[in-house]
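Asker: See data27.tsv below, with TSV, C-alpha atoms.
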chain	number	residue	atom	x	y	z
M	1	MET	CA	224.34	-136.97	187.34
M	2	ILE	CA	222.91	-134.52	189.83
M	3	THR	CA	222.38	-136.10	193.23
M	4	LYS	CA	220.92	-134.69	196.37
M	5	LYS	CA	224.46	-134.45	197.77
M	6	ASN	CA	226.07	-132.41	195.03
M	7	PHE	CA	222.95	-130.36	194.29
M	8	PHE	CA	223.50	-128.54	197.57
M	9	SER	CA	227.25	-128.28	197.47
M	10	ALA	CA	227.90	-126.58	194.19
M	11	SER	CA	230.73	-124.58	195.70
M	12	ASN	CA	232.82	-124.60	192.57
M	13	THR	CA	230.10	-123.54	190.23
M	14	THR	CA	228.48	-120.21	189.69
M	15	GLU	CA	225.23	-121.71	188.57
M	16	PHE	CA	223.55	-124.96	187.93
M	17	LYS	CA	220.57	-126.30	186.13
M	18	ILE	CA	219.02	-129.64	186.73
M	19	PRO	CA	218.34	-131.54	183.55
M	20	THR	CA	214.95	-133.13	183.94
M	21	ASN	CA	216.29	-136.43	182.73
M	22	GLN	CA	218.97	-136.52	185.41
M	23	LEU	CA	216.93	-136.39	188.55
M	24	ILE	CA	217.37	-138.52	191.56
M	25	SER	CA	214.37	-140.50	192.55
M	26	THR	CA	212.68	-139.72	195.83
M	27	SER	CA	209.92	-141.69	197.37
M	28	GLY	CA	207.10	-139.20	197.66
M	29	SER	CA	204.72	-139.70	200.52
M	30	SER	CA	201.21	-140.30	199.35
M	31	SER	CA	199.47	-139.40	202.57
M	32	TYR	CA	198.78	-135.70	203.05
M	33	SER	CA	198.73	-134.46	206.62
M	34	PRO	CA	198.03	-130.72	206.74
M	35	PHE	CA	199.95	-129.54	209.77
M	36	PHE	CA	203.30	-127.78	209.38
M	37	GLY	CA	202.95	-127.62	205.62
M	38	SER	CA	199.64	-125.83	205.76
M	39	PHE	CA	201.09	-123.22	208.14
M	40	ILE	CA	203.96	-122.49	205.75
M	41	THR	CA	201.68	-122.31	202.70
M	42	GLU	CA	198.85	-120.41	204.40
M	43	GLN	CA	199.37	-117.24	202.34
M	44	ALA	CA	199.51	-119.28	199.15
M	45	ARG	CA	196.25	-120.94	200.12
M	46	SER	CA	194.66	-117.54	200.69
M	47	VAL	CA	195.37	-116.70	197.03
M	48	LEU	CA	193.06	-119.57	196.10
M	49	ARG	CA	190.21	-117.63	197.67
M	50	LYS	CA	190.86	-114.65	195.41
M	51	GLU	CA	189.53	-114.19	191.90
M	52	ILE	CA	192.26	-115.87	189.90
M	53	ASP	CA	192.21	-117.77	186.63
M	54	PRO	CA	190.73	-121.25	187.28
M	55	ASN	CA	193.64	-123.00	185.59
M	56	VAL	CA	196.17	-121.00	187.61
M	57	GLY	CA	194.16	-121.91	190.70
M	58	LYS	CA	194.19	-125.58	189.80
M	59	ASN	CA	197.94	-125.56	189.26
M	60	LEU	CA	198.50	-123.53	192.41
M	61	GLN	CA	196.55	-126.10	194.40
M	62	LYS	CA	198.71	-128.80	192.89
M	63	VAL	CA	201.95	-127.07	193.87
M	64	ILE	CA	200.69	-126.23	197.37
M	65	SER	CA	199.80	-129.89	197.92
M	66	ILE	CA	203.25	-130.98	196.80
M	67	ILE	CA	204.93	-128.46	199.11
M	68	ASP	CA	202.68	-129.35	202.05
M	69	ASN	CA	203.30	-133.01	201.56
M	70	ILE	CA	207.07	-132.65	201.43
M	71	LEU	CA	207.19	-130.25	204.41
M	72	ASP	CA	205.06	-132.60	206.48
M	73	SER	CA	207.32	-135.50	205.63
M	74	TYR	CA	210.28	-133.41	206.84
M	75	VAL	CA	208.50	-132.77	210.11
M	76	ALA	CA	207.61	-136.41	210.44
M	77	THR	CA	211.28	-137.35	210.18
M	78	GLY	CA	212.30	-134.97	212.96
M	79	ASN	CA	213.80	-132.07	211.01
M	80	GLU	CA	214.14	-128.71	212.73
M	81	THR	CA	211.46	-126.40	211.33
M	82	SER	CA	211.55	-123.29	213.50
M	83	ASN	CA	213.67	-121.31	211.02
M	84	ILE	CA	211.43	-121.97	208.01
M	85	GLN	CA	209.41	-118.87	207.17
M	86	PRO	CA	205.94	-118.97	205.61
M	87	ILE	CA	206.08	-118.76	201.84
M	88	LYS	CA	205.02	-115.41	200.37
M	89	ALA	CA	202.36	-115.44	197.69
M	90	ALA	CA	201.37	-112.77	195.20
M	91	VAL	CA	199.18	-112.53	192.11
M	92	ASN	CA	201.14	-110.92	189.29
M	93	GLU	CA	199.69	-108.43	186.82
M	94	ASP	CA	199.57	-111.13	184.12
M	95	GLY	CA	197.42	-113.38	186.33
M	96	SER	CA	200.20	-115.79	187.25
M	97	VAL	CA	200.99	-116.45	190.89
M	98	ALA	CA	204.41	-116.18	192.51
M	99	LEU	CA	205.30	-118.19	195.60
M	100	ASP	CA	208.57	-117.09	197.15
M	101	TRP	CA	210.86	-117.65	200.05
M	102	ILE	CA	212.88	-114.45	200.31
M	103	SER	CA	215.95	-114.02	202.47
M	104	PRO	CA	219.05	-111.80	202.29
M	105	ASP	CA	221.04	-114.74	200.93
M	106	TYR	CA	218.65	-116.57	198.67
M	107	ARG	CA	215.48	-116.37	196.64
M	108	LEU	CA	213.61	-119.59	196.10
M	109	GLY	CA	210.28	-119.54	194.36
M	110	PHE	CA	207.67	-120.98	192.09
M	111	SER	CA	205.89	-119.37	189.19
M	112	ILE	CA	202.39	-120.72	188.67
M	113	GLU	CA	200.94	-120.24	185.19
M	114	LYS	CA	197.77	-121.28	183.39
M	115	GLU	CA	199.57	-124.24	181.84
M	116	PHE	CA	201.27	-126.51	184.35
M	117	ALA	CA	204.09	-127.17	181.90
M	118	GLU	CA	204.82	-123.43	181.76
M	119	SER	CA	204.97	-123.25	185.54
M	120	GLY	CA	208.28	-123.79	187.26
M	121	TRP	CA	210.80	-122.96	189.93
M	122	TYR	CA	213.76	-120.64	190.30
M	123	LEU	CA	216.59	-120.22	192.76
M	124	ALA	CA	219.31	-117.63	193.19
M	125	THR	CA	221.78	-117.27	196.04
M	126	THR	CA	224.43	-114.78	197.06
M	127	LYS	CA	228.09	-115.65	197.29
M	128	ARG	CA	227.55	-116.52	200.95
M	129	ILE	CA	225.75	-119.60	199.60
M	130	ASN	CA	228.08	-120.24	196.68
M	131	GLU	CA	226.27	-117.99	194.16
M	132	MET	CA	224.06	-120.72	192.84
M	133	GLY	CA	221.28	-120.18	190.40
M	134	GLY	CA	218.86	-122.17	188.35
M	135	TYR	CA	215.36	-122.50	187.06
M	136	GLY	CA	213.25	-125.11	185.37
M	137	HIS	CA	209.78	-125.97	184.20
M	138	PHE	CA	207.59	-128.50	185.92
M	139	SER	CA	206.43	-131.65	184.31
M	140	ASP	CA	204.24	-134.39	185.69
M	141	GLN	CA	207.35	-136.53	185.99
M	142	ASN	CA	209.64	-134.15	187.86
M	143	ASN	CA	207.65	-131.79	190.05
M	144	LYS	CA	207.85	-133.77	193.30
M	145	GLU	CA	211.54	-134.52	192.91
M	146	ILE	CA	212.46	-130.93	192.09
M	147	THR	CA	210.34	-129.50	194.89
M	148	SER	CA	211.87	-131.96	197.32
M	149	LEU	CA	215.38	-130.86	196.34
M	150	LEU	CA	214.44	-127.20	196.67
M	151	ILE	CA	212.90	-127.72	200.10
M	152	ASN	CA	215.99	-129.64	201.09
M	153	PHE	CA	217.93	-126.50	200.13
M	154	LEU	CA	215.55	-124.45	202.26
M	155	PHE	CA	216.11	-126.64	205.32
M	156	SER	CA	219.85	-126.57	204.77
M	157	ASN	CA	220.06	-122.78	204.52
M	158	SER	CA	217.39	-121.38	206.82
K	1	MET	CA	224.52	-107.30	172.64
K	2	PRO	CA	227.67	-105.17	173.06
K	3	ILE	CA	227.68	-102.56	175.80
K	4	ILE	CA	229.11	-99.34	174.44
K	5	GLY	CA	230.14	-96.24	176.33
K	6	ASP	CA	231.06	-95.25	179.84
K	7	TYR	CA	228.61	-95.75	182.64
K	8	PRO	CA	228.47	-94.79	186.31
K	9	ASP	CA	229.21	-97.46	188.89
K	10	GLN	CA	225.58	-97.88	189.93
K	11	CYS	CA	222.11	-97.97	188.45
K	12	LEU	CA	218.94	-96.97	190.28
K	13	ARG	CA	215.60	-98.72	190.03
K	14	GLY	CA	212.70	-96.70	191.39
K	15	ILE	CA	210.37	-98.53	193.79
K	16	LYS	CA	206.81	-97.46	193.08
K	17	SER	CA	205.27	-98.83	196.25
K	18	LYS	CA	206.40	-99.70	199.75
K	19	THR	CA	204.64	-103.03	199.23
K	20	LEU	CA	207.60	-103.97	197.03
K	21	ILE	CA	209.75	-103.97	200.18
K	22	PRO	CA	208.61	-107.08	202.07
K	23	GLU	CA	211.31	-106.77	204.72
K	24	GLU	CA	213.86	-104.13	205.61
K	25	GLY	CA	216.68	-104.22	203.06
K	26	LEU	CA	214.91	-106.58	200.66
K	27	VAL	CA	212.90	-105.90	197.50
K	28	ASN	CA	210.31	-108.08	195.81
K	29	ASN	CA	211.36	-109.93	192.69
K	30	GLU	CA	208.53	-108.14	190.87
K	31	LEU	CA	210.62	-104.96	190.86
K	32	PHE	CA	212.78	-106.53	188.17
K	33	TYR	CA	210.22	-108.30	186.01
K	34	PHE	CA	210.99	-107.68	182.35
K	35	ASP	CA	207.50	-107.46	180.84
K	36	GLU	CA	207.69	-104.77	178.18
K	37	LYS	CA	209.43	-104.93	174.82
K	38	ASN	CA	210.90	-101.91	173.08
K	39	SER	CA	210.65	-101.15	169.37
K	40	ASN	CA	213.82	-103.17	168.74
K	41	GLY	CA	212.30	-106.31	170.24
K	42	PHE	CA	214.29	-106.27	173.49
K	43	PHE	CA	212.70	-106.57	176.90
K	44	GLU	CA	213.31	-103.31	178.67
K	45	LEU	CA	213.45	-102.26	182.30
K	46	SER	CA	213.68	-98.57	183.08
K	47	ILE	CA	216.46	-97.33	185.37
K	48	ASN	CA	218.32	-94.15	186.14
K	49	TRP	CA	222.10	-94.06	186.09
K	50	ASN	CA	223.65	-92.83	189.32
K	51	ASP	CA	225.58	-89.93	187.88
K	52	PRO	CA	227.48	-88.11	190.61
K	53	GLU	CA	225.58	-86.10	193.16
K	54	LYS	CA	222.30	-85.32	191.43
K	55	ALA	CA	220.80	-88.59	190.20
K	56	ILE	CA	219.57	-89.84	193.57
K	57	PRO	CA	217.74	-86.66	194.69
K	58	PHE	CA	216.38	-86.30	191.15
K	59	THR	CA	215.02	-89.86	191.16
K	60	LEU	CA	213.50	-89.51	194.62
K	61	ALA	CA	211.79	-86.30	193.49
K	62	GLN	CA	210.38	-87.71	190.24
K	63	LYS	CA	206.64	-87.25	189.92
K	64	LYS	CA	203.94	-89.36	188.29
K	65	ASP	CA	202.38	-88.21	185.03
K	66	ASP	CA	199.97	-86.02	187.00
K	67	GLY	CA	202.99	-83.93	188.03
K	68	VAL	CA	201.92	-83.97	191.65
K	69	GLU	CA	202.27	-87.38	193.22
K	70	ILE	CA	205.70	-88.82	194.03
K	71	LYS	CA	206.51	-91.62	191.59
K	72	TYR	CA	208.75	-93.81	193.73
K	73	LYS	CA	207.05	-93.97	197.11
K	74	GLY	CA	209.16	-96.94	198.12
K	75	GLY	CA	212.46	-95.21	197.35
K	76	ILE	CA	215.25	-96.52	195.15
K	77	ALA	CA	216.95	-99.90	194.78
K	78	VAL	CA	220.64	-99.61	193.94
K	79	ILE	CA	222.56	-102.21	191.95
K	80	ASP	CA	226.28	-101.97	191.29
K	81	ARG	CA	227.12	-102.09	187.60
K	82	SER	CA	229.87	-104.58	188.39
K	83	GLU	CA	227.14	-106.93	189.63
K	84	LEU	CA	225.21	-106.48	186.37
K	85	ASP	CA	228.34	-107.39	184.45
K	86	LYS	CA	228.93	-110.40	186.67
K	87	ILE	CA	225.34	-111.59	186.35
K	88	ASN	CA	225.56	-111.21	182.60
K	89	LYS	CA	228.50	-113.59	182.52
K	90	LEU	CA	226.61	-116.36	184.29
K	91	GLN	CA	226.29	-119.41	182.13
K	92	LEU	CA	222.50	-119.22	182.19
K	93	LEU	CA	222.57	-115.65	180.85
K	94	ASN	CA	225.59	-115.85	178.61
K	95	GLY	CA	225.57	-112.20	177.59
K	96	MET	CA	221.85	-111.75	177.01
K	97	LEU	CA	221.58	-108.92	179.56
K	98	SER	CA	222.68	-105.47	178.56
K	99	TYR	CA	222.15	-101.84	179.44
K	100	GLU	CA	222.02	-98.47	177.79
K	101	ARG	CA	221.75	-94.82	178.53
K	102	ALA	CA	218.57	-93.42	177.05
K	103	LYS	CA	218.31	-89.78	178.05
K	104	LEU	CA	214.87	-88.24	177.98
K	105	PRO	CA	214.20	-84.51	177.70
K	106	GLU	CA	212.79	-84.59	181.22
K	107	ASN	CA	215.27	-87.12	182.65
K	108	LEU	CA	218.94	-86.94	181.66
K	109	TYR	CA	219.79	-89.88	183.93
K	110	HIS	CA	217.43	-92.30	182.27
K	111	GLY	CA	218.56	-95.64	180.94
K	112	ASN	CA	217.38	-99.20	180.48
K	113	LEU	CA	218.36	-102.72	181.36
K	114	LEU	CA	217.84	-104.78	178.21
K	115	LEU	CA	217.21	-108.44	177.70
K	116	ASN	CA	217.03	-110.44	174.49
K	117	GLY	CA	213.47	-110.64	173.22
K	118	ASP	CA	213.40	-114.42	172.98
K	119	VAL	CA	213.99	-115.08	176.69
K	120	SER	CA	211.23	-117.24	178.16
K	121	LYS	CA	208.93	-115.96	180.87
K	122	LEU	CA	210.32	-118.33	183.50
K	123	LYS	CA	213.87	-117.41	182.66
K	124	ARG	CA	212.95	-113.72	182.93
K	125	LYS	CA	211.68	-114.46	186.43
K	126	TYR	CA	214.93	-116.21	187.29
K	127	ILE	CA	216.81	-113.13	186.05
K	128	ALA	CA	214.52	-110.87	188.11
K	129	VAL	CA	215.29	-112.93	191.20
K	130	THR	CA	219.00	-112.76	190.47
K	131	LEU	CA	218.86	-108.98	190.11
K	132	ALA	CA	216.75	-108.59	193.25
K	133	ILE	CA	219.22	-110.51	195.37
K	134	HIS	CA	222.05	-108.29	194.15
K	135	VAL	CA	220.47	-105.01	195.26
K	136	SER	CA	223.20	-103.40	197.35
K	137	GLU	CA	221.11	-100.73	199.02
K	138	ILE	CA	217.60	-99.37	199.31
K	139	ILE	CA	217.47	-95.60	199.55
K	140	PRO	CA	214.25	-94.64	201.33
K	141	GLN	CA	211.91	-92.00	200.03
K	142	MET	CA	212.02	-88.70	201.88
K	143	GLU	CA	209.10	-88.40	204.29
Could I get this structure in the form of structure tokens?

Answerer:
Amino acid sequence: MITKKNFFSASNTTEFKIPTNQLISTSGSSSYSPFFGSFITEQARSVLRKEIDPNVGKNLQKVISIIDNILDSYVATGNETSNIQPIKAAVNEDGSVALDWISPDYRLGFSIEKEFAESGWYLATTKRINEMGGYGHFSDQNNKEITSLLINFLFSNS
Amino acid sequence: MPIIGDYPDQCLRGIKSKTLIPEEGLVNNELFYFDEKNSNGFFELSINWNDPEKAIPFTLAQKKDDGVEIKYKGGIAVIDRSELDKINKLQLLNGMLSYERAKLPENLYHGNLLLNGDVSKLKRKYIAVTLAIHVSEIIPQME
């Protein structure tokens, strides 16, 4: 069983993948307060104003809202946020959108496709952060939990 | 896919635009997106092998098809072959990454990184990210 504790301390593994049926449950906040989150996802939001596929746009909006919501809940619980960089956003040649946090020691990102089920996340780290790696597709059941774990990683390593 | 032959210690990936360098020392994941399949059904990513002394100046001097404009305006991303081999042994890749030398009449250093043709798009992005984070050096284009 993957828990929040061992997800971020995979020091003895070279990679990990979270089975979607072995996720911890997190209590997602239902109230959206666009403060810190909207600053971090500003570039991603700007992509919504470009000419992109409507389905990609819809899914991008969905992911941005999830990220905003989780980031704002981190702020609300007093977490240090000054080291968190804005997420980078780019429209790929195939029309998909990439959202990425890029640092010398890790890459954490989301790939937004026309079909939400084909969209997903990916993570790779250097040996300074235990050489972890993983990826996975979103589903309506797991997206908040996965994103929460990934943002937890971000706060732990920024 | 078995890797046959002797290879230099490093491969070079040309960076077509400075926009692929978001911060000093870092390259965008996009530089390593495997999007094109070869005639054998493998995804293919063009590289040059860093043969001693001449491969780097040759790569920096490569021109676009028009024969005039510099091809790699952002310079060159270097990856150690030992890192490729290590990445290929990761459980999530399990040997699906490979490489070859594929000399061209106009480019004797040319080669390819190869990926099994049945790898999903998201997994290819994960592999791109993994390659990008293992770039050991960015050699800038000559001004």

Asker: At most 7 Å is the cut-off: for each residue in chain K with any atom that close to an atom of chain M, write down the nearest atom pair and the distance in Å rounded to one decimal, counting all atoms listed in the file, chain first then increasing number, as CSV.

Answerer:
residue,atom,partner,partner_atom,distance
K:Leu26,CA,M:Pro104,CA,6.9
K:Leu90,CA,M:Thr14,CA,6.9
K:Gln91,CA,M:Glu15,CA,6.9
K:Leu122,CA,M:Gly120,CA,6.9
K:Lys123,CA,M:Tyr135,CA,6.9
K:Tyr126,CA,M:Tyr122,CA,5.5
K:Val129,CA,M:Arg107,CA,6.4
K:Thr130,CA,M:Ala124,CA,5.6
K:Ile133,CA,M:Tyr106,CA,6.9

Asker: Between K:Arg124, K:Lys37, K:Lys103, K:Arg81, which has the minimum distance to Ser136 in chain K (counting only C-alpha atoms)?

Answerer: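 Between K:Arg124, K:Lys37, K:Lys103, K:Arg81, the residue approaching Ser136 in chain K most closely is K:Arg81.
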
Asker: Would you mind telling me which residue in M:Ser158, M:Asn152, M:Lys50, M:Lys114 lies nearest to Ser73 in chain M when using only C-alpha atoms?

Answerer: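 Using only C-alpha atoms, Ser73 in chain M sits closest to M:Asn152.
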
Asker: Name the residues in contact with Lys125 in chain K at a cut-off of 8 Å, using only C-alpha atoms, excluding same-chain residues fewer than 5 positions from it; report them as a PyMOL selection string.

Answerer: (chain M and resi 122) or (chain K and resi 29+33-34)

Asker: Could the residues in this selection be saved with C-alpha atoms as a PDB file, in the frame of the given file?

Answerer:
ATOM      1  CA  TYR M 122     213.760-120.640 190.300  1.00  0.00           C
TER       2      TYR M 122
ATOM      3  CA  ASN K  29     211.360-109.930 192.690  1.00  0.00           C
ATOM      4  CA  TYR K  33     210.220-108.300 186.010  1.00  0.00           C
ATOM      5  CA  PHE K  34     210.990-107.680 182.350  1.00  0.00           C
TER       6      PHE K  34
END

Asker: In Å, with one decimal, what is the gap from CA of Gly74 in chain K to CA of Ile15 in chain K?

Answerer: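 Separation between CA of Gly74 in chain K and CA of Ile15 in chain K: 4.8 Å.
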
Asker: Which distance in Å separates CA of Tyr109 in chain K and CA of Lys89 in chain K, to one decimal?

Answerer: 25.3 Å

Asker: Would you pick out the contacts of Ile67 in chain M at 10 Å or less, using all atoms listed in the file, so that residues sharing its chain but fewer than 5 positions from it are not included, and give the list as an mmCIF file with C-alpha atoms, in the frame of the given file?

Answerer:
data_model
loop_
_atom_site.group_PDB
_atom_site.id
_atom_site.type_symbol
_atom_site.label_atom_id
_atom_site.label_comp_id
_atom_site.auth_asym_id
_atom_site.auth_seq_id
_atom_site.Cartn_x
_atom_site.Cartn_y
_atom_site.Cartn_z
ATOM 1 C CA GLY M 37 202.950 -127.620 205.620
ATOM 2 C CA SER M 38 199.640 -125.830 205.760
ATOM 3 C CA ILE M 40 203.960 -122.490 205.750
ATOM 4 C CA THR M 41 201.680 -122.310 202.700
ATOM 5 C CA GLN M 61 196.550 -126.100 194.400
ATOM 6 C CA LYS M 62 198.710 -128.800 192.890
ATOM 7 C CA ASP M 72 205.060 -132.600 206.480
ATOM 8 C CA SER M 73 207.320 -135.500 205.630
ATOM 9 C CA LYS M 144 207.850 -133.770 193.300
ATOM 10 C CA THR M 147 210.340 -129.500 194.890
ATOM 11 C CA SER M 148 211.870 -131.960 197.320
ATOM 12 C CA LEU M 150 214.440 -127.200 196.670
ATOM 13 C CA ILE M 151 212.900 -127.720 200.100
#

Asker: Choose the residue, out of K:Met142, K:Leu104, K:Val135, K:Ile47, that has the smallest atom-to-atom separation from Asp80 in chain K; count all atoms listed in the file.

Answerer: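 Among the listed residues, the smallest separation from Asp80 in chain K belongs to K:Val135.
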
Asker: Step by step, gather every atom of range 53-69 of chain M that the file lists, find the box along x, y and z that holds them, add 4 Å on each side, and finally give centre and edge lengths in Å to one decimal, as lines of an AutoDock Vina configuration file.

Answerer:
center_x = 197.8
center_y = -125.4
center_z = 193.8
size_x = 22.2
size_y = 23.2
size_z = 24.5

Asker: What is the CA of Asp66 in chain K-CA of Arg13 in chain K distance in Å, reported with one decimal?

Answerer: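 Between CA of Asp66 in chain K and CA of Arg13 in chain K the gap is 20.4 Å.
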
Asker: Could you check the closest approach to Phe138 in chain M for each of M:Asn59, M:Gln85, M:Phe153, M:Ala76 and tell me which residue wins, using all atoms listed in the file?

Answerer: M:Asn59

Asker: Would you list the contacts of range 99-101 of chain K as number ranges by chain, taking every protein, DNA or RNA residue within 10 Å and counting only C-alpha atoms, but skipping same-chain residues closer than 6 positions in sequence?

Answerer: K: 1-7, 11, 44-49, 81, 84-85, 108-115

Asker: Missing atoms in range 107-131 of chain K need filling: write out N, CA and C atoms for it as a JSON list (two decimals), in the frame of the given file.

Answerer:
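As a result, part_21.json now contains:
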[["chain", "number", "residue", "atom", "x", "y", "z"],
["K", 107, "ASN", "N", 214.49, -86.28, 181.74],
["K", 107, "ASN", "CA", 215.27, -87.12, 182.65],
["K", 107, "ASN", "C", 216.60, -87.49, 181.98],
["K", 108, "LEU", "N", 217.63, -86.73, 182.29],
["K", 108, "LEU", "CA", 218.94, -86.94, 181.66],
["K", 108, "LEU", "C", 219.66, -88.17, 182.21],
["K", 109, "TYR", "N", 219.15, -88.71, 183.31],
["K", 109, "TYR", "CA", 219.79, -89.88, 183.93],
["K", 109, "TYR", "C", 219.22, -91.20, 183.42],
["K", 110, "HIS", "N", 218.18, -91.11, 182.62],
["K", 110, "HIS", "CA", 217.43, -92.30, 182.27],
["K", 110, "HIS", "C", 218.23, -93.30, 181.44],
["K", 111, "GLY", "N", 217.95, -94.56, 181.71],
["K", 111, "GLY", "CA", 218.56, -95.64, 180.94],
["K", 111, "GLY", "C", 217.67, -96.87, 181.00],
["K", 112, "ASN", "N", 218.15, -97.96, 180.46],
["K", 112, "ASN", "CA", 217.38, -99.20, 180.48],
["K", 112, "ASN", "C", 218.30, -100.39, 180.70],
["K", 113, "LEU", "N", 217.77, -101.39, 181.42],
["K", 113, "LEU", "CA", 218.36, -102.72, 181.36],
["K", 113, "LEU", "C", 217.65, -103.42, 180.21],
["K", 114, "LEU", "N", 218.39, -104.16, 179.41],
["K", 114, "LEU", "CA", 217.84, -104.78, 178.21],
["K", 114, "LEU", "C", 218.08, -106.28, 178.24],
["K", 115, "LEU", "N", 217.11, -106.98, 177.72],
["K", 115, "LEU", "CA", 217.21, -108.44, 177.70],
["K", 115, "LEU", "C", 216.74, -108.93, 176.33],
["K", 116, "ASN", "N", 217.43, -109.91, 175.79],
["K", 116, "ASN", "CA", 217.03, -110.44, 174.49],
["K", 116, "ASN", "C", 215.54, -110.77, 174.45],
["K", 117, "GLY", "N", 214.91, -110.49, 173.34],
["K", 117, "GLY", "CA", 213.47, -110.64, 173.22],
["K", 117, "GLY", "C", 212.96, -112.06, 173.20],
["K", 118, "ASP", "N", 213.86, -113.03, 173.06],
["K", 118, "ASP", "CA", 213.40, -114.42, 172.98],
["K", 118, "ASP", "C", 213.55, -115.16, 174.31],
["K", 119, "VAL", "N", 213.81, -114.43, 175.38],
["K", 119, "VAL", "CA", 213.99, -115.08, 176.69],
["K", 119, "VAL", "C", 212.62, -115.49, 177.25],
["K", 120, "SER", "N", 212.51, -116.73, 177.68],
["K", 120, "SER", "CA", 211.23, -117.24, 178.16],
["K", 120, "SER", "C", 210.79, -116.53, 179.44],
["K", 121, "LYS", "N", 209.50, -116.63, 179.69],
["K", 121, "LYS", "CA", 208.93, -115.96, 180.87],
["K", 121, "LYS", "C", 209.58, -116.47, 182.16],
["K", 122, "LEU", "N", 209.74, -117.78, 182.27],
["K", 122, "LEU", "CA", 210.32, -118.33, 183.50],
["K", 122, "LEU", "C", 211.77, -117.89, 183.66],
["K", 123, "LYS", "N", 212.48, -117.85, 182.58],
["K", 123, "LYS", "CA", 213.87, -117.41, 182.66],
["K", 123, "LYS", "C", 213.94, -115.93, 183.04],
["K", 124, "ARG", "N", 212.98, -115.14, 182.55],
["K", 124, "ARG", "CA", 212.95, -113.72, 182.93],
["K", 124, "ARG", "C", 212.71, -113.59, 184.44],
["K", 125, "LYS", "N", 211.92, -114.51, 184.98],
["K", 125, "LYS", "CA", 211.68, -114.46, 186.43],
["K", 125, "LYS", "C", 212.94, -114.85, 187.19],
["K", 126, "TYR", "N", 213.64, -115.83, 186.67],
["K", 126, "TYR", "CA", 214.93, -116.21, 187.29],
["K", 126, "TYR", "C", 215.90, -115.01, 187.26],
["K", 127, "ILE", "N", 215.92, -114.30, 186.16],
["K", 127, "ILE", "CA", 216.81, -113.13, 186.05],
["K", 127, "ILE", "C", 216.35, -112.04, 187.03],
["K", 128, "ALA", "N", 215.05, -111.85, 187.16],
["K", 128, "ALA", "CA", 214.52, -110.87, 188.11],
["K", 128, "ALA", "C", 214.97, -111.21, 189.54],
["K", 129, "VAL", "N", 214.88, -112.48, 189.87],
["K", 129, "VAL", "CA", 215.29, -112.93, 191.20],
["K", 129, "VAL", "C", 216.78, -112.67, 191.41],
["K", 130, "THR", "N", 217.55, -112.95, 190.38],
["K", 130, "THR", "CA", 219.00, -112.76, 190.47],
["K", 130, "THR", "C", 219.34, -111.28, 190.65],
["K", 131, "LEU", "N", 218.63, -110.42, 189.93],
["K", 131, "LEU", "CA", 218.86, -108.98, 190.11],
["K", 131, "LEU", "C", 218.43, -108.53, 191.51]]
